[in-house]
$ cat run00.cif   # mmCIF, C-alpha atoms and all ligand atoms
data_model
loop_
_atom_site.label_atom_id
_atom_site.label_comp_id
_atom_site.auth_asym_id
_atom_site.auth_seq_id
_atom_site.Cartn_x
_atom_site.Cartn_y
_atom_site.Cartn_z
CA MET S 1 10.21 -49.21 10.30
CA ALA S 2 10.78 -49.45 14.04
CA HIS S 3 8.17 -47.57 16.05
CA ASP S 4 10.06 -47.40 19.29
CA ALA S 5 12.64 -44.67 18.49
CA PRO S 6 12.11 -41.82 20.98
CA GLY S 7 11.10 -38.43 19.53
CA VAL S 8 10.47 -39.77 16.04
CA VAL S 9 7.01 -39.27 14.55
CA HIS S 10 6.06 -41.92 12.04
CA TRP S 11 3.67 -41.75 9.16
CA HIS S 12 0.93 -44.34 9.26
CA GLU S 13 -1.05 -45.39 6.26
CA PRO S 14 -4.75 -44.62 6.83
CA LYS S 15 -6.96 -47.56 7.70
CA PRO S 16 -9.88 -48.26 5.35
CA GLY S 17 -12.45 -45.44 5.72
CA GLN S 18 -9.89 -42.93 7.03
CA ARG S 19 -8.09 -40.11 5.21
CA ALA S 20 -4.33 -39.53 5.39
CA GLY S 21 -3.02 -36.50 7.22
CA LEU S 22 -4.18 -34.31 10.08
CA GLY S 23 -7.20 -32.79 8.37
CA LYS S 24 -6.92 -29.59 10.41
CA PHE S 25 -3.63 -27.82 11.05
CA GLY S 26 -2.20 -24.44 11.91
CA ARG S 27 -0.88 -22.14 9.20
CA VAL S 28 2.92 -22.30 9.11
CA LYS S 29 5.26 -19.34 9.38
CA MET S 30 6.64 -18.38 5.97
CA PRO S 31 10.35 -17.50 5.61
CA TYR S 32 9.41 -13.80 5.70
CA ASP S 33 7.49 -14.27 9.00
CA ILE S 34 10.57 -15.91 10.50
CA PHE S 35 12.75 -13.12 9.08
CA MET S 36 10.56 -10.48 10.76
CA GLU S 37 10.79 -12.29 14.12
CA GLU S 38 14.56 -12.60 13.85
CA GLU S 39 14.96 -8.91 13.04
CA GLY S 40 14.01 -8.37 16.69
CA ILE S 41 11.42 -5.59 16.27
CA PRO S 42 7.64 -5.70 16.79
CA CYS S 43 5.25 -6.63 13.99
CA PHE S 44 1.86 -4.93 13.91
CA ARG S 45 -0.87 -7.09 12.37
CA GLY S 46 -4.43 -5.86 11.91
CA ILE S 47 -6.74 -4.13 9.45
CA GLY S 48 -5.02 -0.79 9.93
CA CYS S 49 -3.98 1.92 12.35
CA SER S 50 -4.93 5.57 12.84
CA LYS S 51 -1.32 6.80 12.91
CA VAL S 52 1.80 4.74 12.20
CA GLN S 53 3.72 7.22 14.35
CA ASP S 54 1.99 5.69 17.40
CA LEU S 55 3.04 2.08 16.78
CA PRO S 56 5.63 0.91 19.30
CA ARG S 57 9.16 0.68 17.91
CA ALA S 58 12.24 -1.18 19.14
CA ARG S 59 15.94 -1.00 18.39
CA TRP S 60 16.57 -2.40 14.89
CA GLU S 61 20.18 -3.59 14.84
CA ARG S 62 20.49 -4.48 11.15
CA LYS S 63 19.15 -1.10 10.03
CA GLY S 64 20.89 0.94 12.70
CA GLY S 65 17.73 2.66 13.93
CA ALA S 66 14.46 1.68 15.56
CA GLY S 67 11.34 0.33 13.94
CA THR S 68 8.33 -1.89 13.59
CA PHE S 69 7.03 -4.11 10.84
CA ILE S 70 3.46 -3.57 9.66
CA GLN S 71 1.74 -6.55 8.06
CA LEU S 72 -1.89 -5.67 7.48
CA HIS S 73 -4.37 -8.51 6.95
CA GLY S 74 -4.50 -9.64 3.34
CA THR S 75 -1.01 -8.38 2.46
CA GLU S 76 0.86 -11.37 3.93
CA GLY S 77 3.37 -12.78 1.46
CA LYS S 78 2.47 -10.04 -1.04
CA TRP S 79 4.55 -7.10 0.11
CA GLY S 80 6.38 -5.85 3.18
CA CYS S 81 5.93 -2.68 5.19
CA PHE S 82 7.71 -1.07 8.12
CA VAL S 83 8.34 2.16 9.98
CA VAL S 84 11.97 3.06 10.62
CA GLU S 85 13.24 5.81 12.89
CA VAL S 86 16.56 7.41 11.94
CA PRO S 87 18.35 8.70 15.03
CA GLY S 88 18.80 12.48 15.37
CA ALA S 89 22.02 13.66 13.68
CA GLY S 90 22.61 10.03 12.74
CA ALA S 91 22.20 7.67 9.80
CA LEU S 92 20.93 4.19 9.05
CA ASN S 93 23.44 1.53 8.00
CA PRO S 94 24.20 1.25 4.27
CA GLU S 95 22.38 -1.70 2.70
CA ARG S 96 21.40 -3.28 -0.60
CA HIS S 97 19.00 -6.07 -1.43
CA ILE S 98 17.41 -8.03 -4.26
CA PHE S 99 13.99 -6.51 -3.77
CA GLU S 100 12.36 -3.17 -4.51
CA GLU S 101 11.85 -0.63 -1.75
CA ILE S 102 10.11 2.73 -1.53
CA TYR S 103 10.05 5.25 1.34
CA TYR S 104 7.54 7.90 2.39
CA VAL S 105 8.87 10.45 4.88
CA VAL S 106 6.52 10.76 7.86
CA GLU S 107 8.59 13.18 9.95
CA GLY S 108 11.92 14.98 9.70
CA ARG S 109 14.33 15.90 6.95
CA GLY S 110 17.55 14.45 5.62
CA THR S 111 19.32 13.00 2.62
CA THR S 112 19.67 9.65 0.92
CA GLU S 113 22.85 8.49 -0.79
CA VAL S 114 22.49 5.89 -3.55
CA TRP S 115 25.30 4.19 -5.43
CA ILE S 116 26.26 1.12 -7.43
CA GLU S 117 28.76 -1.43 -6.09
CA GLY S 118 32.27 -0.36 -7.14
CA ASP S 119 31.15 3.10 -8.32
CA SER S 120 32.83 6.06 -6.60
CA LYS S 121 29.98 8.42 -7.49
CA ARG S 122 27.12 8.75 -5.00
CA HIS S 123 23.73 10.19 -5.93
CA ILE S 124 22.53 12.36 -3.07
CA PHE S 125 19.09 13.93 -2.75
CA GLU S 126 17.34 15.77 0.06
CA TRP S 127 13.98 14.82 1.53
CA GLN S 128 11.53 16.17 4.07
CA ALA S 129 8.15 15.19 5.55
CA GLY S 130 5.91 14.30 2.60
CA SER S 131 8.70 13.14 0.27
CA LEU S 132 8.50 9.82 -1.55
CA PHE S 133 11.48 8.03 -3.09
CA SER S 134 12.43 4.65 -4.47
CA ILE S 135 15.66 2.66 -4.18
CA PRO S 136 16.61 0.81 -7.38
CA MET S 137 16.85 -2.97 -6.96
CA ASN S 138 20.13 -3.95 -5.24
CA ALA S 139 21.64 -0.43 -5.34
CA TRP S 140 23.52 0.55 -2.18
CA PHE S 141 21.81 3.26 -0.16
CA ARG S 142 22.25 5.13 3.10
CA ILE S 143 19.58 7.25 4.79
CA VAL S 144 20.97 10.23 6.72
CA ASN S 145 19.10 12.44 9.19
CA ALA S 146 19.90 16.14 8.69
CA SER S 147 18.39 17.34 11.96
CA SER S 148 19.03 16.69 15.63
CA SER S 149 15.58 15.15 16.19
CA PRO S 150 14.64 11.68 14.94
CA ALA S 151 13.24 11.21 11.43
CA LEU S 152 10.49 8.69 10.73
CA LEU S 153 10.06 6.89 7.41
CA LEU S 154 7.44 4.44 6.17
CA GLY S 155 8.92 1.77 3.90
CA GLY S 156 7.24 -0.61 1.47
CA ASN S 157 8.98 -3.43 -0.39
CA THR S 158 8.79 -6.68 -2.33
CA CYS S 159 10.87 -8.58 0.23
CA PRO S 160 8.16 -11.13 1.24
CA PRO S 161 7.62 -12.78 -2.17
CA VAL S 162 11.38 -12.76 -2.91
CA LEU S 163 12.39 -14.18 0.47
CA ASN S 164 9.56 -16.72 0.52
CA LEU S 165 10.73 -18.12 -2.84
CA ILE S 166 14.52 -17.94 -2.49
CA ASN S 167 14.68 -18.47 1.28
CA ASN S 168 18.33 -17.50 1.54
CA ARG S 169 19.21 -14.15 3.11
CA ARG S 170 22.76 -14.00 1.76
CA ALA S 171 21.45 -14.40 -1.80
CA ILE S 172 19.21 -11.39 -1.16
CA PHE S 173 21.36 -9.09 1.02
CA GLU S 174 24.87 -10.02 -0.18
CA ASN S 175 24.47 -10.34 -3.91
CA ASP S 176 26.82 -8.47 -6.27
CA PHE S 177 24.50 -8.37 -9.27
CA VAL S 178 24.05 -4.81 -10.59
CA PHE S 179 20.73 -3.87 -12.19
CA HIS S 180 22.03 -1.36 -14.76
CA ASP S 181 18.59 -1.48 -16.36
CA ARG S 182 17.08 0.03 -13.20
CA PHE S 183 19.76 2.53 -12.22
CA SER S 184 21.20 4.50 -15.13
CA GLY S 185 23.54 6.65 -13.07
CA ALA S 186 22.22 9.77 -14.90
CA ASP S 187 22.77 13.03 -13.01
CA ASP S 188 19.05 13.79 -12.98
CA PHE S 189 18.07 10.31 -11.71
CA TYR S 190 16.59 11.75 -8.51
CA GLN S 191 15.22 14.98 -9.98
CA TYR S 192 11.45 15.29 -9.74
CA LYS S 193 9.77 14.83 -13.13
CA ASP S 194 6.19 16.10 -13.22
CA GLU S 195 5.30 15.25 -16.84
CA ILE S 196 2.22 13.05 -17.17
CA GLU S 197 1.66 10.19 -19.62
CA PRO S 198 -0.98 7.44 -19.85
CA ASP S 199 0.03 4.23 -18.10
CA PRO S 200 0.51 1.49 -20.73
CA VAL S 201 -2.12 -0.88 -19.29
CA ARG S 202 -5.23 1.08 -18.25
CA GLY S 203 -4.45 4.50 -19.71
CA LEU S 204 -4.56 6.29 -16.34
CA ALA S 205 -2.34 9.28 -15.52
CA MET S 206 1.22 8.20 -14.74
CA ARG S 207 4.37 10.11 -13.79
CA ARG S 208 7.83 8.54 -14.37
CA THR S 209 9.85 9.85 -11.46
CA ASN S 210 12.14 8.28 -8.87
CA PHE S 211 11.50 11.04 -6.33
CA ILE S 212 8.56 13.27 -5.38
CA PRO S 213 9.57 16.08 -2.99
CA ASP S 214 6.08 16.61 -1.51
CA VAL S 215 3.56 13.93 -2.40
CA ALA S 216 1.12 15.29 0.19
CA ASN S 217 0.77 18.52 -1.82
CA CYS S 218 1.94 17.78 -5.37
CA ASP S 219 -0.29 18.53 -8.34
CA LEU S 220 -2.71 15.71 -9.25
CA PRO S 221 -4.55 15.42 -12.58
CA LEU S 222 -8.30 14.83 -12.80
CA ASP S 223 -9.39 11.16 -12.63
CA ASN S 224 -13.19 11.30 -12.20
CA ARG S 225 -13.52 7.54 -11.78
CA ARG S 226 -15.02 6.79 -8.38
CA SER S 227 -16.30 10.25 -7.52
CA PRO S 228 -16.73 13.35 -9.67
CA GLY S 229 -13.71 15.61 -9.35
CA ALA S 230 -11.41 12.95 -7.85
CA ARG S 231 -7.75 13.39 -8.76
CA ARG S 232 -5.10 10.70 -9.16
CA ILE S 233 -1.58 9.91 -10.37
CA GLU S 234 0.44 6.70 -10.57
CA PRO S 235 4.13 7.32 -9.86
CA PHE S 236 6.27 4.86 -11.85
CA MET S 237 9.52 4.68 -9.87
CA THR S 238 12.89 3.01 -10.65
CA LYS S 239 11.10 0.62 -13.05
CA ASN S 240 9.51 -1.12 -10.10
CA ALA S 241 6.86 -3.80 -10.19
CA PHE S 242 5.78 -2.26 -6.85
CA TYR S 243 2.61 -0.38 -7.80
CA LEU S 244 1.14 2.67 -6.10
CA TRP S 245 -1.07 5.66 -6.74
CA VAL S 246 -1.80 8.97 -5.05
CA GLY S 247 -5.38 10.27 -5.01
CA GLN S 248 -7.50 13.03 -3.56
CA TYR S 249 -11.25 13.51 -3.23
CA VAL S 250 -13.21 16.73 -3.47
CA ASN S 251 -13.87 18.03 0.02
CA GLY S 252 -17.25 16.86 1.33
CA ARG S 253 -17.53 14.11 -1.29
CA TYR S 254 -16.89 10.38 -0.96
CA SER S 255 -15.95 7.73 -3.48
CA LYS S 256 -18.21 4.85 -4.50
CA ALA S 257 -17.58 1.55 -2.76
CA HIS S 258 -15.95 -1.07 -4.95
CA GLY S 259 -14.78 -4.65 -4.48
CA HIS S 260 -11.63 -6.65 -5.22
CA GLY S 261 -9.14 -9.04 -3.65
CA SER S 262 -6.38 -8.11 -1.21
CA ALA S 263 -3.02 -6.38 -1.75
CA ALA S 264 -3.92 -2.67 -1.66
CA VAL S 265 -3.28 -0.62 1.49
CA LEU S 266 -4.57 2.96 1.72
CA ILE S 267 -2.28 5.44 3.45
CA CYS S 268 -3.76 8.75 4.62
CA ILE S 269 -1.30 11.59 3.95
CA LYS S 270 -3.61 14.62 4.23
CA GLY S 271 -6.98 15.34 5.84
CA LYS S 272 -8.84 12.98 8.15
CA GLY S 273 -11.28 10.23 7.38
CA TYR S 274 -12.44 6.68 7.73
CA THR S 275 -12.83 3.50 5.69
CA HIS S 276 -15.45 0.74 5.64
CA THR S 277 -14.52 -2.68 4.32
CA TRP S 278 -16.77 -5.76 4.21
CA PRO S 279 -16.84 -9.12 2.40
CA THR S 280 -18.77 -9.04 -0.87
CA GLU S 281 -20.84 -12.07 0.25
CA ALA S 282 -22.39 -9.81 2.92
CA SER S 283 -24.18 -8.04 -0.01
CA ILE S 284 -23.89 -4.47 -1.26
CA ASN S 285 -26.15 -3.25 1.59
CA PRO S 286 -24.72 -4.86 4.75
CA TRP S 287 -26.47 -2.55 7.27
CA LYS S 288 -29.88 -2.85 5.63
CA ASN S 289 -29.50 -6.64 5.37
CA GLY S 290 -28.55 -7.29 8.99
CA LYS S 291 -24.84 -7.85 8.23
CA ALA S 292 -23.48 -4.73 9.90
CA ASP S 293 -21.26 -6.94 12.07
CA THR S 294 -19.24 -7.94 8.98
CA VAL S 295 -18.19 -4.33 8.31
CA LYS S 296 -14.74 -3.43 9.55
CA ARG S 297 -14.01 0.21 10.05
CA ILE S 298 -11.05 2.37 10.92
CA GLU S 299 -10.59 6.12 11.38
CA TYR S 300 -7.32 7.74 10.38
CA GLU S 301 -5.31 10.88 9.99
CA PRO S 302 -1.81 11.41 8.57
CA VAL S 303 -0.11 8.92 8.53
CA GLY S 304 -2.71 6.22 9.13
CA MET S 305 -3.33 3.18 7.00
CA VAL S 306 -5.97 0.55 6.23
CA THR S 307 -6.04 -2.62 4.19
CA ALA S 308 -8.66 -2.46 1.43
CA ALA S 309 -9.55 -6.19 1.50
CA PRO S 310 -8.50 -7.79 4.81
CA GLY S 311 -8.82 -11.43 3.91
CA GLY S 312 -9.49 -13.84 1.08
CA ASN S 313 -12.02 -13.38 -1.69
CA GLU S 314 -13.31 -9.97 -2.63
CA TRP S 315 -14.16 -7.20 -0.17
CA PHE S 316 -16.05 -3.99 -0.80
CA HIS S 317 -14.39 -0.89 0.61
CA GLN S 318 -15.17 2.80 0.69
CA HIS S 319 -13.18 5.80 1.88
CA PHE S 320 -14.53 9.02 3.41
CA GLY S 321 -12.85 12.36 4.13
CA VAL S 322 -14.49 14.38 6.90
CA SER S 323 -11.99 17.15 7.61
CA ARG S 324 -11.68 20.76 6.50
CA GLU S 325 -8.73 19.68 4.34
CA PRO S 326 -9.47 17.33 1.43
CA LEU S 327 -8.61 13.67 1.95
CA ARG S 328 -5.43 12.62 0.13
CA LEU S 329 -4.46 8.96 0.08
CA MET S 330 -1.68 6.84 -1.31
CA ALA S 331 -2.44 3.23 -2.18
CA TRP S 332 0.43 0.74 -2.08
CA TYR S 333 -0.03 -2.69 -3.71
CA GLY S 334 3.41 -4.29 -3.84
CA PRO S 335 3.86 -6.15 -7.15
CA HIS S 336 0.11 -6.59 -7.61
CA ALA S 337 -0.92 -3.83 -10.01
CA PRO S 338 -4.59 -3.88 -10.99
CA GLY S 339 -4.76 -4.79 -14.67
CA ARG S 340 -1.54 -6.82 -14.50
CA THR S 341 -3.01 -10.04 -13.18
CA ALA S 342 -1.71 -13.28 -14.67
CA GLY S 343 -3.81 -14.96 -17.33
CA VAL S 344 -3.98 -15.51 -21.05
CA PRO S 345 -2.21 -12.56 -22.72
CA GLY S 346 -4.43 -10.52 -24.99
CA GLU S 347 -7.60 -11.44 -23.13
CA LYS S 348 -9.97 -8.45 -22.91
CA LEU S 349 -10.20 -7.10 -19.34
CA THR S 350 -12.41 -4.43 -17.78
CA ASP S 351 -11.34 -1.65 -15.42
CA ARG S 352 -13.95 -3.03 -13.01
CA GLY S 353 -13.33 -0.68 -10.10
CA ALA S 354 -14.18 2.27 -12.32
CA ILE S 355 -17.43 0.81 -13.64
CA ASP S 356 -20.73 0.41 -11.79
CA ILE S 357 -22.05 -2.99 -10.75
CA ASP S 358 -25.12 -2.62 -12.98
CA GLU S 359 -22.78 -2.13 -15.98
CA GLY S 360 -20.52 -5.15 -15.33
CA GLY S 361 -18.03 -3.52 -12.95
CA CYS S 362 -17.61 -3.74 -9.20
CA ALA S 363 -18.37 -0.15 -8.07
CA ILE S 364 -21.62 0.38 -6.14
CA PRO S 365 -23.39 3.43 -7.60
CA TYR S 366 -24.61 5.93 -5.00
CA SER S 367 -28.20 5.09 -5.97
CA MET S 368 -27.71 1.43 -4.96
CA GLU S 369 -25.62 1.87 -1.81
CA ASP S 370 -26.79 1.24 1.75
CA PRO S 371 -28.65 4.35 3.08
CA HIS S 372 -26.50 4.11 6.23
CA VAL S 373 -23.47 5.27 4.22
CA ARG S 374 -24.87 8.66 3.27
CA ALA S 375 -26.53 9.24 6.67
CA GLU S 376 -23.33 8.55 8.59
CA PHE S 377 -21.19 10.66 6.25
CA GLU S 378 -23.52 13.67 6.48
CA ALA S 379 -23.70 13.35 10.29
CA LYS S 380 -19.90 13.24 10.53
CA LEU S 381 -19.55 16.32 8.32
CA LYS S 382 -22.17 18.18 10.37
CA ALA S 383 -20.43 17.31 13.61
CA ASN S 384 -17.23 18.82 12.16
CA GLY S 385 -19.04 21.97 10.97
CA LEU S 386 -18.75 20.99 7.29
CA VAL S 387 -21.24 20.62 4.46
CA THR S 388 -21.70 17.86 1.94
CA ALA S 389 -20.63 18.25 -1.68
CA MET S 390 -22.70 15.23 -2.73
CA ASP S 391 -25.42 16.14 -5.22
CA PRO S 392 -28.79 14.66 -4.05
CA HIS S 393 -29.50 13.87 -7.71
CA TRP S 394 -26.70 11.23 -7.68
CA TYR S 395 -28.78 9.05 -5.33
CA GLU S 396 -31.68 8.77 -7.76
CA PRO S 397 -32.09 5.42 -9.54
CA GLY S 398 -30.14 5.11 -12.79
CA VAL S 399 -28.19 8.36 -12.41
CA LYS S 400 -24.59 8.09 -13.55
CA THR S 401 -22.10 10.42 -11.89
CA GLU S 402 -19.88 10.29 -14.99
CA SER S 403 -22.24 12.86 -16.50
CA ALA S 404 -22.00 15.11 -13.45
CA GLY S 405 -19.08 17.21 -14.68
CA ASN S 406 -15.90 18.05 -12.85
CA THR S 407 -17.21 20.15 -10.03
FE FE S 501 -9.88 -0.68 -3.94
#

$ encode --input "run00.cif" --output "structure tokens"
Amino acid sequence: MAHDAPGVVHWHEPKPGQRAGLGKFGRVKMPYDIFMEEEGIPCFRGIGCSKVQDLPRARWERKGGAGTFIQLHGTEGKWGCFVVEVPGAGALNPERHIFEEIYYVVEGRGTTEVWIEGDSKRHIFEWQAGSLFSIPMNAWFRIVNASSSPALLLGGNTCPPVLNLINNRRAIFENDFVFHDRFSGADDFYQYKDEIEPDPVRGLAMRRTNFIPDVANCDLPLDNRRSPGARRIEPFMTKNAFYLWVGQYVNGRYSKAHGHGSAAVLICIKGKGYTHTWPTEASINPWKNGKADTVKRIEYEPVGMVTAAPGGNEWFHQHFGVSREPLRLMAWYGPHAPGRTAGVPGEKLTDRGAIDIDEGGCAIPYSMEDPHVRAEFEAKLKANGLVTAMDPHWYEPGVKTESAGNT
């Protein structure tokens, strides 16, 4: 091949003793990264933020509002997140798409209209700050602001994996396929259903509902897994693969640290608190072992968020509420539900995050944690005029909090 054509880069076979290729190279933009850039709004990347309301937003032409993407470290390619502002007394543009999407209302009140292509009937439901709803895959929907001031919504979706595989926007945003299996058209489709059943994989409390009017205050059943008295529900919405849960800790009590890979993002919807996250290779006691510089930390209030495992491999993380109100969190995973990892079907798995490290799980019992954790938590509570609800007995070697009761 001629080597003198201008602007053409040729491949050369390596000489003996050399390897082919560049060896080191920059990570490429995925189709979803390019999509975000071309949407013309900012993209916040980091381990988290104290309040999504404070992230700068710009006019978002396709949606008909203003917004910002949020792509926290470790979630890239796994699921998408954004804040969208609906103009006062206005509405976002109708849209549909071949990916799942859920919305949490940060501020304001309004309605959402949902309908199937060619169907004259529109489902309409009202929402307010604290509401959570899901749009069935490829259903048409329109978000309408009922007040004269702007409304702010936090969205989460499965756009990145879909777009990165299909890499054709028309196939995703202009596709006529109707998912009748996901949108029945029943009159009560967007009525809140508060019945609880065990989820079919791990047996945890699950609620099948496509709408929750006030997720910041709704009733939560007892969970007791990572701290005595902790409460938790998994909403199963519009038959989504997008997985999420809502949890709350007893005031003055923190959950055990536990480790796993990335996908989960914690979203603070009530109370105030902070999160530590650090790579598991920095040991279970990073402060004591001179690895304090590996610990990432963020403080938050409603509606702040933090990625549980910011990058690669497994990270320990631990969440602390230090306000007069108990700390309530949502955790959004995209289509990466714990317990639904790919592998040989039928293989026996363990709910590792619920089980202590000395029993084969990945939770650090209070008795084995870094002394810095307790000292800092108690100091923070004291500074806020609050008292601890941690039982000193739990820090004694071998003590299992599972036997501590539901106080
Ligand atoms: Fe976690």

$ residues_around --input "run00.cif" --residues "range 131-136 of chain S" --least-positions-apart "5" --cutoff "10 Å" --atoms "all atoms listed in the file" --output "number ranges by chain"
S: 96-107, 109, 112-116, 125-126, 141, 153-157, 178-184, 190, 192, 209-218, 235-240, 242

$ residues_near_ligand --input "run00.cif" --ligand "ligand FE 501 (chain S)" --cutoff "9 Å" --atoms "only C-alpha atoms and all ligand atoms" --output "list of chain:residue names"
S:Ala257, S:His258, S:Gly259, S:His260, S:Gly261, S:Ser262, S:Ala264, S:Val265, S:Leu266, S:Ala308, S:Ala309, S:Trp315, S:Phe316, S:His317, S:Gln318, S:Ala331, S:Gly353

$ residues_around --input "run00.cif" --residues "Lys288 in chain S" --least-positions-apart "6" --cutoff "8 Å" --atoms "all atoms listed in the file" --output "PyMOL selection string"
chain S and resi 370-372

$ closest_residue --input "run00.cif" --among "S:Glu369, S:Ala58, S:Arg27, S:Arg122" --to "Trp287 in chain S" --atoms "all atoms listed in the file"
S:Glu369

$ closest_residue --input "run00.cif" --among "S:Asn168, S:Thr341, S:Ser50, S:Asn145" --to "Val306 in chain S" --atoms "only C-alpha atoms"
S:Ser50

$ residues_around --input "run00.cif" --residues "Pro335 in chain S" --least-positions-apart "2" --cutoff "7 Å" --atoms "all atoms listed in the file" --output "count of residues only"
6

$ residues_around --input "run00.cif" --residues "Val322 in chain S" --least-positions-apart "4" --cutoff "9 Å" --atoms "all atoms listed in the file" --output "ChimeraX atom specification"
/S:251-253,271-274,326-327,377,380-381,384,386

$ closest_residue --input "run00.cif" --among "S:Arg226, S:Gly21, S:Cys81, S:Ser283" --to "Arg352 in chain S" --atoms "only C-alpha atoms"
S:Arg226

$ atom_distance --input "run00.cif" --atom1 "CA of Ile233 in chain S" --atom2 "CA of Lys193 in chain S"
12.7 Å

$ closest_residue --input "run00.cif" --among "S:Ala139, S:Cys49, S:Leu152, S:Leu244" --to "Val84 in chain S" --atoms "all atoms listed in the file"
S:Leu152

$ closest_residue --input "run00.cif" --among "S:Gln53, S:Thr350, S:Thr68, S:Gln18" --to "Ala151 in chain S" --atoms "only C-alpha atoms"
S:Gln53

$ closest_residue --input "run00.cif" --among "S:Ala282, S:Ala171, S:Ala89, S:Met305" --to "Phe44 in chain S" --atoms "all atoms listed in the file"
S:Met305

$ atom_distance --input "run00.cif" --atom1 "CA of Leu55 in chain S" --atom2 "CA of Glu39 in chain S"
16.6 Å

$ residues_around --input "run00.cif" --residues "range 163-165 of chain S" --least-positions-apart "2" --cutoff "10 Å" --atoms "only C-alpha atoms" --output "list in words"
Met30, Pro31, Tyr32, Asp33, Phe35, Gly77, Lys78, Ile98, Phe99, Thr158, Cys159, Pro160, Pro161, Asn167, Asn168, Arg169, Ala171 and Ile172 of chain S

$ atom_distance --input "run00.cif" --atom1 "CA of Pro228 in chain S" --atom2 "CA of Arg328 in chain S"
15.0 Å

$ axis_aligned_box --input "run00.cif" --around "range 254-259 of chain S" --padding-each-side "8 Å" --output "lines of an AutoDock Vina configuration file"
center_x = -16.5
center_y = 2.9
center_z = -3.0
size_x = 19.4
size_y = 31.0
size_z = 20.0

$ residues_near_point --input "run00.cif" --point "(23.0, 2.2, 5.1)" --cutoff "7 Å" --atoms "only C-alpha atoms" --output "PyMOL selection string"
chain S and resi 92-95+141-143

$ decode --input "run00.cif" --residues "range 223-227 of chain S" --atoms "all heavy atoms" --output "PDB file, in the first residue's frame"
ATOM      1  N   ASP S 223     -36.901  -4.038  57.713  1.00  0.00           N
ATOM      2  CA  ASP S 223     -35.930  -4.810  56.926  1.00  0.00           C
ATOM      3  C   ASP S 223     -34.873  -5.462  57.816  1.00  0.00           C
ATOM      4  O   ASP S 223     -34.542  -6.626  57.652  1.00  0.00           O
ATOM      5  CB  ASP S 223     -35.265  -3.893  55.894  1.00  0.00           C
ATOM      6  CG  ASP S 223     -34.267  -4.625  55.033  1.00  0.00           C
ATOM      7  OD1 ASP S 223     -34.709  -5.370  54.146  1.00  0.00           O
ATOM      8  OD2 ASP S 223     -33.053  -4.469  55.244  1.00  0.00           O
ATOM      9  N   ASN S 224     -34.318  -4.650  58.752  1.00  0.00           N
ATOM     10  CA  ASN S 224     -33.399  -5.188  59.778  1.00  0.00           C
ATOM     11  C   ASN S 224     -32.103  -5.760  59.231  1.00  0.00           C
ATOM     12  O   ASN S 224     -31.480  -6.551  59.916  1.00  0.00           O
ATOM     13  CB  ASN S 224     -34.096  -6.345  60.524  1.00  0.00           C
ATOM     14  CG  ASN S 224     -34.549  -5.928  61.893  1.00  0.00           C
ATOM     15  OD1 ASN S 224     -34.368  -4.774  62.264  1.00  0.00           O
ATOM     16  ND2 ASN S 224     -35.150  -6.834  62.623  1.00  0.00           N
ATOM     17  N   ARG S 225     -31.714  -5.451  58.018  1.00  0.00           N
ATOM     18  CA  ARG S 225     -30.554  -6.143  57.448  1.00  0.00           C
ATOM     19  C   ARG S 225     -29.233  -5.483  57.805  1.00  0.00           C
ATOM     20  O   ARG S 225     -28.332  -6.123  58.317  1.00  0.00           O
ATOM     21  CB  ARG S 225     -30.692  -6.284  55.933  1.00  0.00           C
ATOM     22  CG  ARG S 225     -31.686  -7.388  55.579  1.00  0.00           C
ATOM     23  CD  ARG S 225     -32.300  -7.200  54.240  1.00  0.00           C
ATOM     24  NE  ARG S 225     -31.372  -7.553  53.179  1.00  0.00           N
ATOM     25  CZ  ARG S 225     -30.966  -6.712  52.249  1.00  0.00           C
ATOM     26  NH1 ARG S 225     -31.390  -5.474  52.239  1.00  0.00           N
ATOM     27  NH2 ARG S 225     -30.159  -7.113  51.314  1.00  0.00           N
ATOM     28  N   ARG S 226     -29.065  -4.203  57.522  1.00  0.00           N
ATOM     29  CA  ARG S 226     -27.758  -3.607  57.774  1.00  0.00           C
ATOM     30  C   ARG S 226     -27.709  -2.733  59.015  1.00  0.00           C
ATOM     31  O   ARG S 226     -26.654  -2.215  59.361  1.00  0.00           O
ATOM     32  CB  ARG S 226     -27.291  -2.826  56.552  1.00  0.00           C
ATOM     33  CG  ARG S 226     -26.629  -3.740  55.570  1.00  0.00           C
ATOM     34  CD  ARG S 226     -26.005  -2.984  54.447  1.00  0.00           C
ATOM     35  NE  ARG S 226     -26.194  -3.741  53.223  1.00  0.00           N
ATOM     36  CZ  ARG S 226     -26.817  -3.288  52.163  1.00  0.00           C
ATOM     37  NH1 ARG S 226     -27.292  -2.061  52.144  1.00  0.00           N
ATOM     38  NH2 ARG S 226     -26.950  -4.029  51.099  1.00  0.00           N
ATOM     39  N   SER S 227     -28.856  -2.519  59.646  1.00  0.00           N
ATOM     40  CA  SER S 227     -28.864  -1.918  60.976  1.00  0.00           C
ATOM     41  C   SER S 227     -30.206  -2.265  61.600  1.00  0.00           C
ATOM     42  O   SER S 227     -31.216  -2.333  60.900  1.00  0.00           O
ATOM     43  CB  SER S 227     -28.641  -0.401  60.923  1.00  0.00           C
ATOM     44  OG  SER S 227     -29.812   0.278  60.590  1.00  0.00           O
TER      45      SER S 227
END
